[in-house]
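Down below is the structure, laid out as structure tokens.
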Amino acid sequence: MLIDVDSITKIYGKGDNAFVALDKVSLGIKRGESVAIIGKSGSGKSTLMHVIAALDRVNSGTISFDEHEYESMKGAKLDQLRSKKFGFIFQQFFLNGRETVLENVLLPLKIAGVSYGQRKKMAMKALEEVDLTDKVNNRATDLSGGQRQRVAIARALANQPEVIFADEPTGNLDSENGARVEDLLFRLNREKGITLIIVTHDDELAAKCRRRFLMKDGQLTEVKKK
Ligand code: ADP
Ligand code: MG
């Protein structure tokens, strides 16, 4: 298993306000798989993605990446895991509108400690993958929604991650741009073997993933293909 999640619990708040967002969730993900997490709003999908991506801690249970257990890792090690092995794509893009496309893609590489010359090369390569080399010097605000999401994908790709986490990656896009983003994600999965973990409301997108999991009231079950 590349990612091993064993009986994790995540509780928000304390005492009377305690809310169990993840209730003994287990799942294993192999390298190169594509996994969809579906379910109603508020069911715990983003919470699950955040803890697997080491953006947040669990209350009990264990999560490991490549046999390395998160709870036994120091903060700096987890930061390294995130910045070297993971890429993130969110519904709201989270681009800096005042900065150029290139600067937005460079940022995570800077955080990961990559030298300037190297990060420029890596960023340009990622922008080539998403077909945006003609926009590198445009400000992010000057792009369409579909183009912005492709910048976000380039940013997620720039560090050559092993896993891409995407939370509603097509949620703010029209169907044409959504389809383009989907095609791009699955091409990365096929051609580069990047493992995809996608949170989505979109049944068609979920159907394209090799495995699907349904989140309901903090509990996860696998949905088998008919
Ligand atoms: P989904 O992504 O499926 O819409 P979330 O994982 O965002 O669901 O949220 C699951 C539940 O946990 C929701 O009821 C939400 O209100 C609650 N929740 C999420 N984040 C927090 C937080 N930081 N503090 C308290 N409750 C939270
Ligand atoms: Mg969510």
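Scheme for the structure tokens: letters A, B, ... for chains in order shown; per-chain residue numbers from 1; ligand numbers from 1 in order shown.
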Show which residues sit within 6 Å of region 27-33 of chain A, as an MDAnalysis selection string. Count only C-alpha atoms, and ignore same-chain residues fewer than 2 positions away.
chainID A and resid 1:5 193:195
Generate the output file for the selected residues, all heavy atoms, as a PDB file, in the first residue's frame.
ATOM      1  N   MET A   1       0.828  -1.210   0.000  1.00  0.00           N
ATOM      2  CA  MET A   1       0.000   0.000   0.000  1.00  0.00           C
ATOM      3  C   MET A   1       0.861   1.258   0.000  1.00  0.00           C
ATOM      4  O   MET A   1       1.810   1.347   0.775  1.00  0.00           O
ATOM      5  CB  MET A   1      -0.874   0.049   1.262  1.00  0.00           C
ATOM      6  CG  MET A   1      -2.027  -0.925   1.252  1.00  0.00           C
ATOM      7  SD  MET A   1      -3.137  -0.620  -0.115  1.00  0.00           S
ATOM      8  CE  MET A   1      -3.983  -2.184  -0.145  1.00  0.00           C
ATOM      9  N   LEU A   2       0.479   2.225  -0.820  1.00  0.00           N
ATOM     10  CA  LEU A   2       1.182   3.512  -0.777  1.00  0.00           C
ATOM     11  C   LEU A   2       0.667   4.327   0.412  1.00  0.00           C
ATOM     12  O   LEU A   2       1.433   4.896   1.171  1.00  0.00           O
ATOM     13  CB  LEU A   2       0.930   4.282  -2.075  1.00  0.00           C
ATOM     14  CG  LEU A   2       1.643   5.620  -2.185  1.00  0.00           C
ATOM     15  CD1 LEU A   2       3.154   5.435  -2.198  1.00  0.00           C
ATOM     16  CD2 LEU A   2       1.188   6.368  -3.437  1.00  0.00           C
ATOM     17  N   ILE A   3      -0.676   4.319   0.542  1.00  0.00           N
ATOM     18  CA  ILE A   3      -1.295   5.047   1.657  1.00  0.00           C
ATOM     19  C   ILE A   3      -2.157   4.069   2.437  1.00  0.00           C
ATOM     20  O   ILE A   3      -2.981   3.363   1.856  1.00  0.00           O
ATOM     21  CB  ILE A   3      -2.157   6.215   1.133  1.00  0.00           C
ATOM     22  CG1 ILE A   3      -1.261   7.249   0.442  1.00  0.00           C
ATOM     23  CG2 ILE A   3      -2.963   6.854   2.269  1.00  0.00           C
ATOM     24  CD1 ILE A   3      -2.027   8.311  -0.318  1.00  0.00           C
ATOM     25  N   ASP A   4      -1.918   4.027   3.724  1.00  0.00           N
ATOM     26  CA  ASP A   4      -2.645   3.088   4.565  1.00  0.00           C
ATOM     27  C   ASP A   4      -3.338   3.857   5.689  1.00  0.00           C
ATOM     28  O   ASP A   4      -2.660   4.450   6.527  1.00  0.00           O
ATOM     29  CB  ASP A   4      -1.639   2.073   5.140  1.00  0.00           C
ATOM     30  CG  ASP A   4      -2.306   0.746   5.392  1.00  0.00           C
ATOM     31  OD1 ASP A   4      -3.544   0.745   5.602  1.00  0.00           O
ATOM     32  OD2 ASP A   4      -1.605  -0.276   5.385  1.00  0.00           O
ATOM     33  N   VAL A   5      -4.651   3.848   5.656  1.00  0.00           N
ATOM     34  CA  VAL A   5      -5.434   4.562   6.664  1.00  0.00           C
ATOM     35  C   VAL A   5      -6.113   3.505   7.524  1.00  0.00           C
ATOM     36  O   VAL A   5      -6.852   2.670   7.009  1.00  0.00           O
ATOM     37  CB  VAL A   5      -6.499   5.456   5.986  1.00  0.00           C
ATOM     38  CG1 VAL A   5      -7.393   6.124   7.017  1.00  0.00           C
ATOM     39  CG2 VAL A   5      -5.842   6.494   5.079  1.00  0.00           C
ATOM     40  N   GLY A 193       1.786   7.781 -13.789  1.00  0.00           N
ATOM     41  CA  GLY A 193       1.532   6.920 -12.635  1.00  0.00           C
ATOM     42  C   GLY A 193       1.238   7.693 -11.358  1.00  0.00           C
ATOM     43  O   GLY A 193       1.380   7.160 -10.256  1.00  0.00           O
ATOM     44  N   ILE A 194       0.838   8.967 -11.516  1.00  0.00           N
ATOM     45  CA  ILE A 194       0.508   9.759 -10.330  1.00  0.00           C
ATOM     46  C   ILE A 194      -0.793   9.242  -9.725  1.00  0.00           C
ATOM     47  O   ILE A 194      -1.789   9.057 -10.425  1.00  0.00           O
ATOM     48  CB  ILE A 194       0.375  11.261 -10.682  1.00  0.00           C
ATOM     49  CG1 ILE A 194       1.729  11.814 -11.162  1.00  0.00           C
ATOM     50  CG2 ILE A 194      -0.152  12.061  -9.491  1.00  0.00           C
ATOM     51  CD1 ILE A 194       1.679  13.268 -11.602  1.00  0.00           C
ATOM     52  N   THR A 195      -0.771   8.968  -8.435  1.00  0.00           N
ATOM     53  CA  THR A 195      -1.955   8.504  -7.725  1.00  0.00           C
ATOM     54  C   THR A 195      -2.913   9.685  -7.551  1.00  0.00           C
ATOM     55  O   THR A 195      -2.490  10.768  -7.164  1.00  0.00           O
ATOM     56  CB  THR A 195      -1.538   7.958  -6.338  1.00  0.00           C
ATOM     57  OG1 THR A 195      -0.531   6.958  -6.537  1.00  0.00           O
ATOM     58  CG2 THR A 195      -2.712   7.369  -5.581  1.00  0.00           C
TER      59      THR A 195
END
All residues having an atom within 12 Å of ligand 2 (only C-alpha atoms and all ligand atoms) as a PDB file with C-alpha atoms, in the first residue's frame:
ATOM      1  CA  ALA A  21     -16.251  14.127  11.546  1.00  0.00           C
ATOM      2  CA  ILE A  37     -14.498  10.117  -2.517  1.00  0.00           C
ATOM      3  CA  ILE A  38     -18.142  10.994  -2.944  1.00  0.00           C
ATOM      4  CA  GLY A  39     -20.925  11.922  -0.531  1.00  0.00           C
ATOM      5  CA  LYS A  40     -23.172  14.762   0.593  1.00  0.00           C
ATOM      6  CA  SER A  41     -21.943  18.125   1.728  1.00  0.00           C
ATOM      7  CA  GLY A  42     -20.842  17.957   5.360  1.00  0.00           C
ATOM      8  CA  SER A  43     -20.277  14.187   5.309  1.00  0.00           C
ATOM      9  CA  GLY A  44     -16.528  14.499   6.003  1.00  0.00           C
ATOM     10  CA  LYS A  45     -14.914  14.248   2.550  1.00  0.00           C
ATOM     11  CA  SER A  46     -12.639  17.271   2.851  1.00  0.00           C
ATOM     12  CA  THR A  47     -11.716  16.324   6.407  1.00  0.00           C
ATOM     13  CA  LEU A  48     -10.615  12.883   5.196  1.00  0.00           C
ATOM     14  CA  MET A  49      -8.596  14.407   2.367  1.00  0.00           C
ATOM     15  CA  HIS A  50      -6.911  16.894   4.687  1.00  0.00           C
ATOM     16  CA  PHE A  90      -8.785  22.945  -4.760  1.00  0.00           C
ATOM     17  CA  GLN A  91     -12.127  24.136  -6.088  1.00  0.00           C
ATOM     18  CA  GLN A  92     -11.276  27.784  -5.403  1.00  0.00           C
ATOM     19  CA  ALA A 166      -8.040  17.280  -5.687  1.00  0.00           C
ATOM     20  CA  ASP A 167     -11.004  18.667  -3.709  1.00  0.00           C
ATOM     21  CA  GLU A 168     -13.885  19.335  -6.137  1.00  0.00           C
ATOM     22  CA  PRO A 169     -11.468  20.189  -8.957  1.00  0.00           C
ATOM     23  CA  GLY A 171     -16.763  22.287  -9.043  1.00  0.00           C
ATOM     24  CA  ILE A 198     -10.384  13.165  -5.860  1.00  0.00           C
ATOM     25  CA  VAL A 199     -13.218  14.507  -3.726  1.00  0.00           C
ATOM     26  CA  THR A 200     -16.199  15.178  -5.964  1.00  0.00           C
ATOM     27  CA  HIS A 201     -19.951  15.664  -6.245  1.00  0.00           C
ATOM     28  CA  MET A 215     -18.662   9.081   2.803  1.00  0.00           C
TER      29      MET A 215
END
Using only C-alpha atoms and all ligand atoms: which of A:Ala36, A:Ala154, A:Lys216, A:Phe165 has the shortest distance to ligand 1
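Ranking A:Ala36, A:Ala154, A:Lys216, A:Phe165 by distance to ligand 1, first place goes to A:Lys216.
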As a ChimeraX atom specification, please: every residue in region 35-125 of chain A that a backbone DSSP assignment puts in helix (DSSP H, G or I).
/A:45-52,70-72,75-85,101-111,116-125
DSSP on the backbone: what in region 151-224 of chain A comes out strand (DSSP E), as a PyMOL selection string?
chain A and resi 163-167+195-199+211-216+219-223
Selection to disk with N, CA and C atoms, as a compact mmCIF listing (two decimals), in the first residue's frame:
# COMPACT_ATOMS: atom_id res chain seq x y z
N VAL A 163 1.45 11.86 -5.46
CA VAL A 163 0.00 11.84 -5.25
C VAL A 163 -0.55 13.24 -5.52
N ILE A 164 -1.67 13.31 -6.24
CA ILE A 164 -2.39 14.58 -6.36
C ILE A 164 -3.71 14.46 -5.61
N PHE A 165 -3.92 15.40 -4.69
CA PHE A 165 -5.18 15.50 -3.96
C PHE A 165 -6.00 16.61 -4.61
N ALA A 166 -7.21 16.27 -5.03
CA ALA A 166 -8.04 17.28 -5.69
C ALA A 166 -9.39 17.33 -4.98
N ASP A 167 -9.73 18.50 -4.42
CA ASP A 167 -11.00 18.67 -3.71
C ASP A 167 -11.95 19.44 -4.62
N THR A 195 -0.77 8.97 -8.43
CA THR A 195 -1.95 8.50 -7.73
C THR A 195 -2.91 9.69 -7.55
N LEU A 196 -4.19 9.45 -7.87
CA LEU A 196 -5.18 10.54 -7.75
C LEU A 196 -6.14 10.25 -6.61
N ILE A 197 -6.35 11.23 -5.77
CA ILE A 197 -7.39 11.15 -4.74
C ILE A 197 -8.30 12.36 -4.94
N ILE A 198 -9.51 12.09 -5.42
CA ILE A 198 -10.38 13.17 -5.86
C ILE A 198 -11.67 13.18 -5.05
N VAL A 199 -11.94 14.30 -4.39
CA VAL A 199 -13.22 14.51 -3.73
C VAL A 199 -14.14 15.17 -4.74
N ARG A 211 -11.44 3.37 -8.28
CA ARG A 211 -12.21 2.99 -7.09
C ARG A 211 -13.01 4.18 -6.58
N ARG A 212 -14.17 3.86 -5.99
CA ARG A 212 -15.05 4.90 -5.45
C ARG A 212 -15.40 4.58 -4.00
N PHE A 213 -15.40 5.61 -3.17
CA PHE A 213 -15.77 5.45 -1.76
C PHE A 213 -16.84 6.47 -1.43
N LEU A 214 -17.84 6.00 -0.69
CA LEU A 214 -18.93 6.89 -0.28
C LEU A 214 -18.74 7.28 1.18
N MET A 215 -18.75 8.59 1.43
CA MET A 215 -18.66 9.08 2.80
C MET A 215 -20.06 9.44 3.28
N LYS A 216 -20.45 8.90 4.43
CA LYS A 216 -21.77 9.23 4.99
C LYS A 216 -21.62 9.37 6.50
N GLN A 219 -18.55 8.05 8.03
CA GLN A 219 -18.18 6.66 7.80
C GLN A 219 -17.99 6.41 6.31
N LEU A 220 -16.99 5.59 6.00
CA LEU A 220 -16.62 5.38 4.60
C LEU A 220 -16.89 3.95 4.17
N THR A 221 -17.54 3.80 2.99
CA THR A 221 -17.71 2.44 2.44
C THR A 221 -17.32 2.47 0.97
N GLU A 222 -16.75 1.37 0.52
CA GLU A 222 -16.37 1.31 -0.90
C GLU A 222 -17.62 0.99 -1.73
N VAL A 223 -17.75 1.67 -2.86
CA VAL A 223 -18.86 1.42 -3.78
C VAL A 223 -18.29 0.60 -4.92
Computed interatomic separation between atom 27 (C, counted along the ligand's line) of ligand 1 and CA of Lys10 (chain A) (Å):
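These atoms are spaced 9.8 Å apart.
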Closest atom pairs, residues of region 63-148 of chain A within 12 Å of region 186-191 of chain A, only C-alpha atoms, as JSON lines:
{"residue": "A:Ala126", "atom": "CA", "partner": "A:Leu188", "partner_atom": "CA", "distance": 11.1}
{"residue": "A:Glu129", "atom": "CA", "partner": "A:Leu188", "partner_atom": "CA", "distance": 9.1}
{"residue": "A:Val130", "atom": "CA", "partner": "A:Leu188", "partner_atom": "CA", "distance": 10.3}
Distance criterion (only C-alpha atoms and all ligand atoms): nearest to ligand 1 out of A:Gln147, A:Arg210, A:Gly218, A:Lys120:
A:Gly218
List the neighbours of Phe93 (chain A) out to 12 Å using only C-alpha atoms; skip same-chain residues closer than 5 positions along the sequence, and give me the result as a PDB file with N, CA, C and O atoms, in the first residue's frame.
ATOM      1  N   PHE A  88      -1.592  19.597  -4.625  1.00  0.00           N
ATOM      2  CA  PHE A  88      -2.951  19.917  -4.191  1.00  0.00           C
ATOM      3  C   PHE A  88      -3.689  20.770  -5.211  1.00  0.00           C
ATOM      4  O   PHE A  88      -3.135  21.729  -5.736  1.00  0.00           O
ATOM      5  N   ASN A 104       3.036  32.034  -9.586  1.00  0.00           N
ATOM      6  CA  ASN A 104       2.135  31.163  -8.837  1.00  0.00           C
ATOM      7  C   ASN A 104       2.615  29.715  -8.838  1.00  0.00           C
ATOM      8  O   ASN A 104       2.509  29.020  -7.834  1.00  0.00           O
ATOM      9  N   VAL A 105       3.138  29.273  -9.966  1.00  0.00           N
ATOM     10  CA  VAL A 105       3.584  27.880 -10.077  1.00  0.00           C
ATOM     11  C   VAL A 105       4.922  27.683  -9.360  1.00  0.00           C
ATOM     12  O   VAL A 105       5.210  26.605  -8.827  1.00  0.00           O
ATOM     13  N   ALA A 140      -2.591  36.121 -12.906  1.00  0.00           N
ATOM     14  CA  ALA A 140      -3.579  35.058 -12.741  1.00  0.00           C
ATOM     15  C   ALA A 140      -5.009  35.587 -12.855  1.00  0.00           C
ATOM     16  O   ALA A 140      -5.890  34.896 -13.359  1.00  0.00           O
ATOM     17  N   THR A 141      -5.243  36.832 -12.431  1.00  0.00           N
ATOM     18  CA  THR A 141      -6.605  37.402 -12.520  1.00  0.00           C
ATOM     19  C   THR A 141      -7.078  37.578 -13.955  1.00  0.00           C
ATOM     20  O   THR A 141      -8.281  37.674 -14.193  1.00  0.00           O
ATOM     21  N   LEU A 143      -6.972  35.511 -16.326  1.00  0.00           N
ATOM     22  CA  LEU A 143      -7.291  34.244 -16.983  1.00  0.00           C
ATOM     23  C   LEU A 143      -8.746  33.840 -16.745  1.00  0.00           C
ATOM     24  O   LEU A 143      -9.364  34.289 -15.788  1.00  0.00           O
ATOM     25  N   SER A 144      -9.235  32.949 -17.608  1.00  0.00           N
ATOM     26  CA  SER A 144     -10.584  32.390 -17.415  1.00  0.00           C
ATOM     27  C   SER A 144     -10.529  31.354 -16.288  1.00  0.00           C
ATOM     28  O   SER A 144      -9.452  30.921 -15.888  1.00  0.00           O
ATOM     29  N   GLY A 145     -11.715  30.936 -15.827  1.00  0.00           N
ATOM     30  CA  GLY A 145     -11.777  29.930 -14.769  1.00  0.00           C
ATOM     31  C   GLY A 145     -11.058  28.645 -15.141  1.00  0.00           C
ATOM     32  O   GLY A 145     -10.316  28.074 -14.349  1.00  0.00           O
ATOM     33  N   GLY A 146     -11.270  28.207 -16.387  1.00  0.00           N
ATOM     34  CA  GLY A 146     -10.642  26.968 -16.843  1.00  0.00           C
ATOM     35  C   GLY A 146      -9.126  27.100 -16.882  1.00  0.00           C
ATOM     36  O   GLY A 146      -8.401  26.183 -16.484  1.00  0.00           O
ATOM     37  N   GLN A 147      -8.668  28.255 -17.349  1.00  0.00           N
ATOM     38  CA  GLN A 147      -7.212  28.485 -17.390  1.00  0.00           C
ATOM     39  C   GLN A 147      -6.637  28.549 -15.976  1.00  0.00           C
ATOM     40  O   GLN A 147      -5.567  28.009 -15.717  1.00  0.00           O
ATOM     41  N   ARG A 148      -7.370  29.197 -15.068  1.00  0.00           N
ATOM     42  CA  ARG A 148      -6.886  29.274 -13.681  1.00  0.00           C
ATOM     43  C   ARG A 148      -6.747  27.891 -13.059  1.00  0.00           C
ATOM     44  O   ARG A 148      -5.797  27.614 -12.340  1.00  0.00           O
ATOM     45  N   GLN A 149      -7.746  27.033 -13.344  1.00  0.00           N
ATOM     46  CA  GLN A 149      -7.641  25.697 -12.762  1.00  0.00           C
ATOM     47  C   GLN A 149      -6.465  24.945 -13.367  1.00  0.00           C
ATOM     48  O   GLN A 149      -5.821  24.149 -12.704  1.00  0.00           O
ATOM     49  N   ARG A 150      -6.148  25.213 -14.637  1.00  0.00           N
ATOM     50  CA  ARG A 150      -4.970  24.569 -15.232  1.00  0.00           C
ATOM     51  C   ARG A 150      -3.681  25.102 -14.614  1.00  0.00           C
ATOM     52  O   ARG A 150      -2.724  24.357 -14.433  1.00  0.00           O
ATOM     53  N   VAL A 151      -3.665  26.380 -14.257  1.00  0.00           N
ATOM     54  CA  VAL A 151      -2.499  26.911 -13.513  1.00  0.00           C
ATOM     55  C   VAL A 151      -2.379  26.177 -12.172  1.00  0.00           C
ATOM     56  O   VAL A 151      -1.289  25.774 -11.765  1.00  0.00           O
ATOM     57  N   ALA A 152      -3.533  25.991 -11.518  1.00  0.00           N
ATOM     58  CA  ALA A 152      -3.518  25.287 -10.231  1.00  0.00           C
ATOM     59  C   ALA A 152      -2.999  23.858 -10.401  1.00  0.00           C
ATOM     60  O   ALA A 152      -2.281  23.334  -9.540  1.00  0.00           O
ATOM     61  N   ILE A 153      -3.341  23.230 -11.524  1.00  0.00           N
ATOM     62  CA  ILE A 153      -2.835  21.876 -11.779  1.00  0.00           C
ATOM     63  C   ILE A 153      -1.329  21.927 -12.025  1.00  0.00           C
ATOM     64  O   ILE A 153      -0.578  21.100 -11.490  1.00  0.00           O
ATOM     65  N   ALA A 154      -0.886  22.911 -12.797  1.00  0.00           N
ATOM     66  CA  ALA A 154       0.556  23.052 -13.038  1.00  0.00           C
ATOM     67  C   ALA A 154       1.293  23.253 -11.714  1.00  0.00           C
ATOM     68  O   ALA A 154       2.359  22.672 -11.482  1.00  0.00           O
ATOM     69  N   ARG A 155       0.700  24.065 -10.843  1.00  0.00           N
ATOM     70  CA  ARG A 155       1.324  24.305  -9.534  1.00  0.00           C
ATOM     71  C   ARG A 155       1.408  23.004  -8.731  1.00  0.00           C
ATOM     72  O   ARG A 155       2.412  22.720  -8.080  1.00  0.00           O
ATOM     73  N   ALA A 156       0.340  22.186  -8.817  1.00  0.00           N
ATOM     74  CA  ALA A 156       0.336  20.906  -8.102  1.00  0.00           C
ATOM     75  C   ALA A 156       1.345  19.929  -8.696  1.00  0.00           C
ATOM     76  O   ALA A 156       1.866  19.055  -8.009  1.00  0.00           O
ATOM     77  N   ALA A 166      -7.207  16.274  -5.025  1.00  0.00           N
ATOM     78  CA  ALA A 166      -8.040  17.280  -5.687  1.00  0.00           C
ATOM     79  C   ALA A 166      -9.391  17.333  -4.976  1.00  0.00           C
ATOM     80  O   ALA A 166     -10.096  16.329  -4.895  1.00  0.00           O
ATOM     81  N   ASP A 167      -9.726  18.496  -4.416  1.00  0.00           N
ATOM     82  CA  ASP A 167     -11.004  18.667  -3.709  1.00  0.00           C
ATOM     83  C   ASP A 167     -11.954  19.437  -4.624  1.00  0.00           C
ATOM     84  O   ASP A 167     -11.779  20.628  -4.838  1.00  0.00           O
ATOM     85  N   GLU A 168     -12.925  18.748  -5.187  1.00  0.00           N
ATOM     86  CA  GLU A 168     -13.885  19.335  -6.137  1.00  0.00           C
ATOM     87  C   GLU A 168     -13.173  20.107  -7.247  1.00  0.00           C
ATOM     88  O   GLU A 168     -13.447  21.291  -7.460  1.00  0.00           O
ATOM     89  N   PRO A 169     -12.288  19.452  -7.991  1.00  0.00           N
ATOM     90  CA  PRO A 169     -11.468  20.189  -8.957  1.00  0.00           C
ATOM     91  C   PRO A 169     -12.259  20.775 -10.125  1.00  0.00           C
ATOM     92  O   PRO A 169     -11.774  21.699 -10.774  1.00  0.00           O
ATOM     93  N   THR A 170     -13.451  20.246 -10.363  1.00  0.00           N
ATOM     94  CA  THR A 170     -14.248  20.764 -11.483  1.00  0.00           C
ATOM     95  C   THR A 170     -15.483  21.518 -10.984  1.00  0.00           C
ATOM     96  O   THR A 170     -16.322  21.941 -11.773  1.00  0.00           O
ATOM     97  N   GLY A 171     -15.567  21.708  -9.665  1.00  0.00           N
ATOM     98  CA  GLY A 171     -16.763  22.287  -9.043  1.00  0.00           C
ATOM     99  C   GLY A 171     -17.126  23.675  -9.541  1.00  0.00           C
ATOM    100  O   GLY A 171     -18.306  24.027  -9.594  1.00  0.00           O
ATOM    101  N   ASN A 172     -16.129  24.485  -9.894  1.00  0.00           N
ATOM    102  CA  ASN A 172     -16.409  25.854 -10.343  1.00  0.00           C
ATOM    103  C   ASN A 172     -16.277  26.038 -11.845  1.00  0.00           C
ATOM    104  O   ASN A 172     -16.187  27.160 -12.324  1.00  0.00           O
ATOM    105  N   LEU A 173     -16.254  24.940 -12.589  1.00  0.00           N
ATOM    106  CA  LEU A 173     -16.000  25.048 -14.030  1.00  0.00           C
ATOM    107  C   LEU A 173     -17.233  24.654 -14.838  1.00  0.00           C
ATOM    108  O   LEU A 173     -18.037  23.836 -14.398  1.00  0.00           O
TER     109      LEU A 173
END
Within 8 Å of Thr133 (chain A), counting only C-alpha atoms, which residues qualify if same-chain residues fewer than 4 places away don't, as number ranges by chain?
A: 124, 127-128
Write out as a list in words each polymer residue whose atoms come within 10 Å of Ala54 (chain A), counting only C-alpha atoms; drop sequence neighbours fewer than 4 positions from it.
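What passes the distance filter is Leu48, Met49, His50, Val58, Ile63, Ser64, Phe65, Tyr70, Glu71, Gly75, Leu78, Asp79, Leu81, Arg82 and Phe86 of chain A.
Candidate residues A:Asp66, A:Asp217, A:Asn137, A:Ser115 were compared for distance to Asp23 (chain A), and the nearest is A:Asp217, using only C-alpha atoms.
Residues surrounding Gly113 (chain A) within 10 Å are Gln80, Ser83, Lys84, Leu107, Pro108, Leu109 and Arg119 of chain A [only C-alpha atoms; sequence separation below 4 positions excluded].
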Selected residues written out, N, CA, C and O atoms, as a compact mmCIF listing (two decimals), in the first residue's frame:
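Final file, again33.txt:
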# COMPACT_ATOMS: atom_id res chain seq x y z
N GLN A 80 7.98 18.13 4.78
CA GLN A 80 8.77 17.63 3.66
C GLN A 80 7.97 16.65 2.81
O GLN A 80 8.00 16.71 1.58
N SER A 83 5.55 18.72 0.79
CA SER A 83 6.09 19.56 -0.28
C SER A 83 6.81 18.77 -1.35
O SER A 83 6.97 19.25 -2.46
N LYS A 84 7.25 17.54 -1.04
CA LYS A 84 7.96 16.76 -2.06
C LYS A 84 7.10 15.71 -2.75
O LYS A 84 7.30 15.41 -3.91
N LEU A 107 5.85 29.11 -6.57
CA LEU A 107 5.78 29.25 -5.11
C LEU A 107 6.01 27.97 -4.30
O LEU A 107 6.85 27.95 -3.40
N PRO A 108 5.27 26.87 -4.60
CA PRO A 108 5.50 25.67 -3.79
C PRO A 108 6.91 25.11 -3.92
O PRO A 108 7.43 24.49 -2.99
N LEU A 109 7.55 25.35 -5.06
CA LEU A 109 8.92 24.87 -5.25
C LEU A 109 9.88 25.67 -4.38
O LEU A 109 10.84 25.14 -3.82
N ARG A 119 13.87 25.63 -10.16
CA ARG A 119 12.41 25.75 -10.03
C ARG A 119 11.81 26.41 -11.26
O ARG A 119 10.69 26.09 -11.65
So how far away is CA of Glu103 (chain A) from CA of Val51 (chain A), in Å?
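CA of Glu103 (chain A) lies at a distance of 27.8 Å from CA of Val51 (chain A).
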What is the atom 6 (O, counted along the ligand's line) of ligand 1-CA of Leu22 (chain A) distance in Å, reported with one decimal?
8.3 Å
Close residues, Lys24 (chain A) itself excluded, 8 Å, only C-alpha atoms, min 3 positions apart in chain, as a PyMOL selection string:
chain A and resi 6-9+61+219
